[in-house]
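What follows is a short report on a single structure.
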Amino acid sequence: MTNLDFKTTNKLLTAKASTEPLKDFPVEQLPLGLRDSLSGVSEDARVPTLFAAFPIAAAYADGVKALYCDGEETPMALMSIIIGEQASGKGVCRRIESIWTRKMDKDDETPREQEEWYQNNKNKKGVVDPKPCIRHIGDTISKAALMRRQLCADGHTMYMFSEELGSMKSVWRFFGDYFRKAFDHSEVGQDYITATSGMTKAQLNFTGCGTQNIFQKFFTDDNIEDGSSSRMMLAKMPDTSFAPISQHHGYTDEEKANIQQAVTILERSRGVKDMPRMRDAFCEWLEAKRQLALANADRVMDIYRRRSAVIGFRCGTIFHLLEQQEEVSDACVRFATAVADYVLAMQMEMFGRRLDKQQQDNEAAPVYHTRNTILFDQLPDEFTLSDASRERGDGACKATVRKMINRWVKRGLCQKLEGDAEIWKKLALSA
């Protein structure tokens with residue numbers, strides 16, 4: 001049973017998916033690094049800024065996994081997209097991302113020099129590929145180059161930032177499945193004779209920015225139904241129509257130093273984190289959203305709640321690592337569930353109508369029956385081996401007909417009655 005107090009539990013069980021809990025989360029309760037990332041950022045741009053920082057922060061914590069509600073170990077894989085019109089202030093995402101990636105860029109300097117040297121000398125006798133580990137990769141990378149980067153990453157998570165989603169449409173089109181697999185660190189590979197080949201795990205965190213129009217083109221109906229949409233943390237920049245120019249004082253040296261300290265903490269973190277308090281909170285959160293979806297017959301919420309919880313849980317793990325406390329704090333639990341609420345609300349807003357239409361279209365599509373399914377429909381409620389052979393009508397041997405019936409049994413369509421006689425009873429009138 002959870003250790004959460006009654007007030008916290010009650011809020012979890014009664015709250016609908018909303019962006020407000022995260023928008024209203026007190027900045028002063030954020031840990032080192034995350035708190036500094038919001039310095040000078042307007043209140044309504046704080047969530048987009050946080051979501052821009054989380055994927056790179058999680059990439060540094062690639063030595064950590066956490067025990068999730070299902071008992072499995074979940075990696076620190078996060079992908080975010082910040083949506084805003086032209087000149088809406090998305091540049092704040094680039095500013096904070098450039099501070100968080102300084103350590104990674106510094107680490108990449110020598111490997112990039114090694115790679116350049118190799119490219120200039122690879123045709124010379126005795127030259128061996130140094131296989132440099134380069135983690136910060138561009139958003140127009142080719143498939144072969146991405147595979148080379150991943151094979152040389154030495155188990156590390158790479159990071160990609162796209163200031164304009166439109167520039168990477170071709171990248172997504174050719175290997176969008178890579179992003180899906182990276183969410184779970186699933187195995188990927190390619191087998192070419194002349195290009196880079198191999199098998200490895202997809203480990204790529206991603207932050208992208210784009211306008212509403214580009215965003216809608218970026219996610220086709222296939223991307224929505226194949227699970228790409230549920231893996232994304234989405235945040236909207238505030239509407240700046242006819243608004244005066246906003247001022248940003250820039251980050252102080254102390255704030256930049258605090259972010260670098262946070263990077264060090266995340267890089268040095270290792271092992272599988274067991275956080276029972278966090279797990280209990282998310283078990284309750286998932287059940288509350290399941291009950292709400294069931295009460296409203298909301299299939300879209302039922303689908304999106306699952307990975308929204310995973311995303312919130314991972315963000316909560318990063319929060320906990322940066323707190324450097326033995327136990328998970330109240331603030332950490334509130335923040336993690338607030339992230340899950342925000343992600344769920346945004347996914348439903350941006351993708352829900354299209355996913356629901358796809359599901360309705362699928363249900364309205366004609367059902368095509370195989371020969372054996374039609375045969376099953378024609379049999380009486382109780383039938384024998386002879387009945388099935390007669391309806392089949394192709395002179396098949398008894399062993400073949402029996403295998404066909406056994407497949408129906410495994411599918412739950414019928415069951416064999418007790419006794420010596422081979423008689424089966426239908427459990428469904430139609431397959």
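Letters A, B, ... go to the chains of the structure tokens in the order shown; residues in each chain start at 1; ligands are counted from 1 in the same order.
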
For this session: Identify, on the basis of only C-alpha atoms, every residue whose closest approach to Trp117 in chain A does not exceed 12 Å; exclude the query and any residue fewer than 2 positions from it along the same chain; express the result as number ranges by chain.
Result: A: 110-115, 119-124, 127-132

For this session: Find the residues around Lys103 in chain A up to 10 Å (only C-alpha atoms counted), leave out those fewer than 4 positions away in its own chain, and share them as a list in words.
Result: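 Here the answer would be Tyr60, Ser98, Ile99, Asp107, Asp108, Gln260, Val263 and Thr264 of chain A.
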
Selected residues, C-alpha atoms, written as a PDB file, in the first residue's frame, please.
```pdb
ATOM      1  CA  TYR A  60      23.580  12.291 -19.213  1.00  0.00           C
ATOM      2  CA  SER A  98      23.189  25.045 -25.415  1.00  0.00           C
ATOM      3  CA  ILE A  99      24.092  25.344 -21.722  1.00  0.00           C
ATOM      4  CA  ASP A 107      33.639  15.538 -24.707  1.00  0.00           C
ATOM      5  CA  ASP A 108      32.931  15.308 -28.454  1.00  0.00           C
ATOM      6  CA  GLN A 260      27.099  21.947 -14.998  1.00  0.00           C
ATOM      7  CA  VAL A 263      25.299  17.392 -15.354  1.00  0.00           C
ATOM      8  CA  THR A 264      28.077  15.934 -13.198  1.00  0.00           C
TER       9      THR A 264
END
```

Exercise. With distances taken over only C-alpha atoms, which of A:Leu417, A:Cys209, A:Leu294, A:Phe313 is nearest to Ala87 in chain A?
Worked result: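 Using only C-alpha atoms, Ala87 in chain A sits closest to A:Cys209.
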
Would you give me, as a short mmCIF file (atom, residue, chain, number, x, y, z; two decimals) with N, CA and C atoms, in the first residue's frame, the residues in range 159-400 of chain A that DSSP reads as strand (DSSP E)?
```cif
data_model
loop_
_atom_site.label_atom_id
_atom_site.label_comp_id
_atom_site.auth_asym_id
_atom_site.auth_seq_id
_atom_site.Cartn_x
_atom_site.Cartn_y
_atom_site.Cartn_z
N TYR A 159 22.25 12.40 -28.27
CA TYR A 159 21.26 13.48 -28.14
C TYR A 159 21.18 14.27 -29.44
N MET A 160 19.95 14.62 -29.84
CA MET A 160 19.71 15.39 -31.05
C MET A 160 18.78 16.56 -30.72
N PHE A 161 19.13 17.75 -31.22
CA PHE A 161 18.28 18.92 -31.07
C PHE A 161 17.95 19.46 -32.45
N SER A 162 16.67 19.74 -32.70
CA SER A 162 16.25 20.31 -33.97
C SER A 162 15.54 21.63 -33.71
N GLU A 187 16.38 -3.10 -29.64
CA GLU A 187 17.47 -3.43 -30.56
C GLU A 187 17.18 -2.91 -31.96
N VAL A 188 18.22 -2.36 -32.59
CA VAL A 188 18.12 -1.91 -33.98
C VAL A 188 19.34 -2.44 -34.73
N GLY A 189 19.24 -2.45 -36.05
CA GLY A 189 20.38 -2.90 -36.83
C GLY A 189 20.14 -2.72 -38.30
N GLN A 190 21.21 -2.82 -39.06
CA GLN A 190 21.11 -2.82 -40.51
C GLN A 190 22.25 -3.67 -41.06
N GLY A 198 25.50 -3.53 -38.50
CA GLY A 198 25.65 -4.01 -37.13
C GLY A 198 24.33 -4.05 -36.39
N MET A 199 24.35 -4.61 -35.20
CA MET A 199 23.19 -4.67 -34.31
C MET A 199 23.57 -4.01 -33.00
N THR A 200 22.67 -3.18 -32.49
CA THR A 200 22.93 -2.49 -31.23
C THR A 200 21.59 -2.06 -30.65
N LYS A 201 21.62 -1.32 -29.55
CA LYS A 201 20.40 -0.77 -28.96
C LYS A 201 20.24 0.69 -29.36
N LEU A 204 18.74 7.24 -28.15
CA LEU A 204 18.75 8.59 -28.70
C LEU A 204 17.66 9.43 -28.05
N ASN A 205 18.06 10.44 -27.29
CA ASN A 205 17.10 11.40 -26.75
C ASN A 205 17.01 12.59 -27.70
N PHE A 206 15.84 13.25 -27.70
CA PHE A 206 15.59 14.22 -28.75
C PHE A 206 14.75 15.38 -28.24
N THR A 207 15.10 16.59 -28.69
CA THR A 207 14.29 17.79 -28.46
C THR A 207 14.11 18.50 -29.79
N GLY A 208 12.88 18.83 -30.13
CA GLY A 208 12.62 19.53 -31.38
C GLY A 208 11.67 20.68 -31.17
N CYS A 209 11.75 21.69 -32.04
CA CYS A 209 10.86 22.85 -32.01
C CYS A 209 10.22 23.00 -33.38
N GLY A 210 9.00 23.50 -33.40
CA GLY A 210 8.35 23.69 -34.68
C GLY A 210 7.04 24.44 -34.55
N MET A 233 6.87 14.11 -25.39
CA MET A 233 6.47 15.15 -24.45
C MET A 233 6.19 16.41 -25.27
N LEU A 234 4.96 16.88 -25.23
CA LEU A 234 4.58 18.05 -26.02
C LEU A 234 4.34 19.25 -25.11
N ALA A 235 4.80 20.41 -25.55
CA ALA A 235 4.55 21.64 -24.80
C ALA A 235 4.33 22.77 -25.79
N LYS A 236 3.45 23.68 -25.45
CA LYS A 236 3.14 24.82 -26.30
C LYS A 236 3.74 26.10 -25.74
N GLY A 271 23.26 2.52 -11.74
CA GLY A 271 22.48 1.45 -11.12
C GLY A 271 20.98 1.56 -11.39
N VAL A 272 20.25 0.65 -10.75
CA VAL A 272 18.80 0.59 -10.87
C VAL A 272 18.17 1.20 -9.63
N LYS A 273 17.42 2.27 -9.81
CA LYS A 273 16.81 2.97 -8.69
C LYS A 273 15.48 2.31 -8.32
N GLU A 382 -22.98 -27.45 -31.03
CA GLU A 382 -22.19 -28.60 -30.61
C GLU A 382 -21.88 -29.41 -31.87
N PHE A 383 -20.61 -29.68 -32.08
CA PHE A 383 -20.24 -30.37 -33.33
C PHE A 383 -19.18 -31.44 -33.05
N THR A 384 -19.09 -32.37 -34.00
CA THR A 384 -18.14 -33.48 -33.89
C THR A 384 -17.05 -33.32 -34.94
#
```

Exercise. What lies within 9 Å of Lys90 in chain A using only C-alpha atoms, ignoring chain neighbours under 5 positions off, as an MDAnalysis selection string?
Worked result: chainID A and resid 45 48:49 82:85 163 209:210 237

Next, dump the selected residues to file, keeping only C-alpha atoms, as a PDB file, in the first residue's frame.
```
ATOM      1  CA  ALA A  45       7.165  29.603 -20.957  1.00  0.00           C
ATOM      2  CA  PRO A  48       8.427  24.408 -22.661  1.00  0.00           C
ATOM      3  CA  THR A  49      11.839  25.344 -21.221  1.00  0.00           C
ATOM      4  CA  ILE A  82       8.017  22.395 -28.352  1.00  0.00           C
ATOM      5  CA  ILE A  83       5.237  23.911 -30.476  1.00  0.00           C
ATOM      6  CA  GLY A  84       5.000  27.628 -31.170  1.00  0.00           C
ATOM      7  CA  GLU A  85       4.376  30.066 -33.972  1.00  0.00           C
ATOM      8  CA  GLU A 163      15.568  24.029 -33.929  1.00  0.00           C
ATOM      9  CA  CYS A 209      10.862  22.846 -32.009  1.00  0.00           C
ATOM     10  CA  GLY A 210       8.345  23.690 -34.682  1.00  0.00           C
ATOM     11  CA  MET A 237       4.800  28.205 -26.257  1.00  0.00           C
TER      12      MET A 237
END
```

For this session: Kindly give the distance, in Å, that separates CA of Val310 in chain A and CA of Ala336 in chain A, rounded to a single decimal.
Result: 9.8 Å

Exercise. Any idea what the distance is between CA of Ser389 in chain A and CA of Val401 in chain A?
Worked result: 6.4 Å

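The interatomic distance for the pair CA of Ala153 in chain A and CA of Cys133 in chain A works out to 4.7 Å.
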
Problem set entry | Exercise: Tyr178 in chain A partners within 9 Å, only C-alpha atoms, chain neighbours under 5 positions left out, as a VMD selection string | chain A and resid 172 183 186 188 202 to 204

Exercise. Quick one: of A:His156, A:Arg180, A:His320, A:Arg46, who's nearest to Ile265 in chain A, counting only C-alpha atoms?
Worked result: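 Nearest candidate to Ile265 in chain A out of A:His156, A:Arg180, A:His320, A:Arg46: A:His320.
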
Problem set entry | Test item: residues at most 9 Å from Met275 in chain A, only C-alpha atoms, excluding those fewer than 6 positions along its chain, as an MDAnalysis selection string | chainID A and resid 66:68 317 327:328

Just-selected residues, N, CA and C atoms written as an mmCIF file, in the first residue's frame:
```
data_model
loop_
_atom_site.group_PDB
_atom_site.id
_atom_site.type_symbol
_atom_site.label_atom_id
_atom_site.label_comp_id
_atom_site.auth_asym_id
_atom_site.auth_seq_id
_atom_site.Cartn_x
_atom_site.Cartn_y
_atom_site.Cartn_z
ATOM 1 N N ALA A 66 15.283 2.682 -13.674
ATOM 2 C CA ALA A 66 14.427 2.720 -12.489
ATOM 3 C C ALA A 66 13.386 1.617 -12.575
ATOM 4 N N LEU A 67 13.063 1.022 -11.446
ATOM 5 C CA LEU A 67 12.030 -0.015 -11.399
ATOM 6 C C LEU A 67 10.669 0.635 -11.530
ATOM 7 N N TYR A 68 9.936 0.255 -12.596
ATOM 8 C CA TYR A 68 8.646 0.878 -12.878
ATOM 9 C C TYR A 68 7.517 0.058 -12.244
ATOM 10 N N THR A 317 12.358 10.544 -11.854
ATOM 11 C CA THR A 317 13.644 9.925 -11.511
ATOM 12 C C THR A 317 14.780 10.923 -11.653
ATOM 13 N N GLU A 327 15.442 9.428 0.230
ATOM 14 C CA GLU A 327 14.047 9.097 -0.041
ATOM 15 C C GLU A 327 13.456 10.068 -1.066
ATOM 16 N N VAL A 328 12.466 9.575 -1.789
ATOM 17 C CA VAL A 328 11.755 10.421 -2.742
ATOM 18 C C VAL A 328 10.917 11.438 -1.974
#
```
